[in-house]
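Student: First, the structure itself, so that you have it in front of you.
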Amino acid sequence: MAQISLWLLAGVMLCSIPAGSLEEDIHRVHTRDKGRVLTLLSQLQRTPPHLCLDDRNDFKFPWNLETIIQMKKIQHTCFHHLMLLQIFHLFRAQRSLAAWDHTLLSQLLSSLHHSLEHLEQREGEIRACPNVGILIRKYFQRIHSYLKEKKYSYCAWEVVRVEITIRVGIM
């Protein structure tokens, strides 16, 4: 009887190892990908931010750092995925091509795509947050409206680049 209990205990322990390792791998990949995206966003800078102070804008990001930290794991995964997806579409737009160095932009888009692929492997968690999606889409609509209003100027893109860099930093 004692031998059966040991085998059951060993089986339970073995089954629990991959789940912890997978979660750590996902966190490690997220941290590495986030660092790469932040680096590329900073390298994209073409116009010194101090020259664009008059173009600053409050895009009314709907969350603060504390709220993001307190999100449940499923909501956070969904939030992260939707933010990266919107950032990817923003920088992939035709108007973005004229504003940035094409090599750096290509690297940024590749990094964002890579991050999205990792998150999409957790598909069930991504579909679970319609309210978050609505708020993110409204936030990015304000960014798109701002760029259009400013006629996609270099300063407008710089303001948006700084805004996105800040948001990626807290994700």
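All residue names refer to the structure tokens as shown: chains lettered A, B, ... in order, residues numbered from 1 in each chain, ligands numbered from 1 in order.
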Contacts between region 133-152 of chain A and region 88-120 of chain A, please, where a residue of region 88-120 of chain A counts if it comes within 9 Å (with only C-alpha atoms); show its shortest atom pair and distance in Å to one decimal, rows by chain and ascending number, as a Markdown table.
Tutor:
| residue | atom | partner | partner_atom | distance |
| --- | --- | --- | --- | --- |
| A:Leu90 | CA | A:His144 | CA | 8.0 |
| A:Arg95 | CA | A:Tyr152 | CA | 7.1 |
| A:Ser96 | CA | A:Tyr152 | CA | 8.2 |
| A:Ala99 | CA | A:Tyr152 | CA | 8.1 |
Student: Just want the 9 Å neighbourhood of region 153-160 of chain A, counted on only C-alpha atoms, with same-chain residues fewer than 6 positions away dropped. Output as a count of residues only.
Tutor: 18
Student: Determine the nearest neighbour of Ile74 (chain A) from the options A:Arg161, A:Leu112, A:Leu119, A:Lys34, counting only C-alpha atoms.
Tutor: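 The answer is A:Leu119, which sits nearest to Ile74 (chain A).
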Student: Using DSSP assignments from the backbone, pull out every residue in region 51-170 of chain A that falls under helix (DSSP H, G or I) and give it to me as a PyMOL selection string.
Tutor: chain A and resi 51-55+65-70+73-92+94-99+102-120+123-126+130-149+154-170
Student: So that I can check the surroundings of Phe79 (chain A), please list as a VMD selection string every protein, DNA and RNA residue that reaches within 10 Å of it, counting only C-alpha atoms and ignoring chain neighbours fewer than 3 positions away.
Tutor: chain A and resid 68 71 73 to 76 82 to 85 125 to 126 128 to 133 135 to 136 171
Student: Might you pull out every residue within 12 Å of His113 (chain A), with only C-alpha atoms counted and same-chain residues fewer than 6 positions away left off, and present them as an MDAnalysis selection string?
Tutor: chainID A and resid 33:34 37 81 84:89 91:92 106:107 119:120
Student: Could you tell me how far CA of Arg167 (chain A) sits from CA of Ser42 (chain A), in Å to one decimal place?
Tutor: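 Computing it gives 12.9 Å between the two atoms.
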Student: What is the CA of His118 (chain A)-CA of Gly169 (chain A) distance in Å, reported with one decimal?
Tutor: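 The value is 18.3 Å.
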Student: Pick from A:Thr31, A:Thr165, A:Lys60, A:Arg36: nearest to Leu109 (chain A), with only C-alpha atoms counted?
Tutor: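 Looking at the shortest contact to Leu109 (chain A), the residue is A:Arg36.
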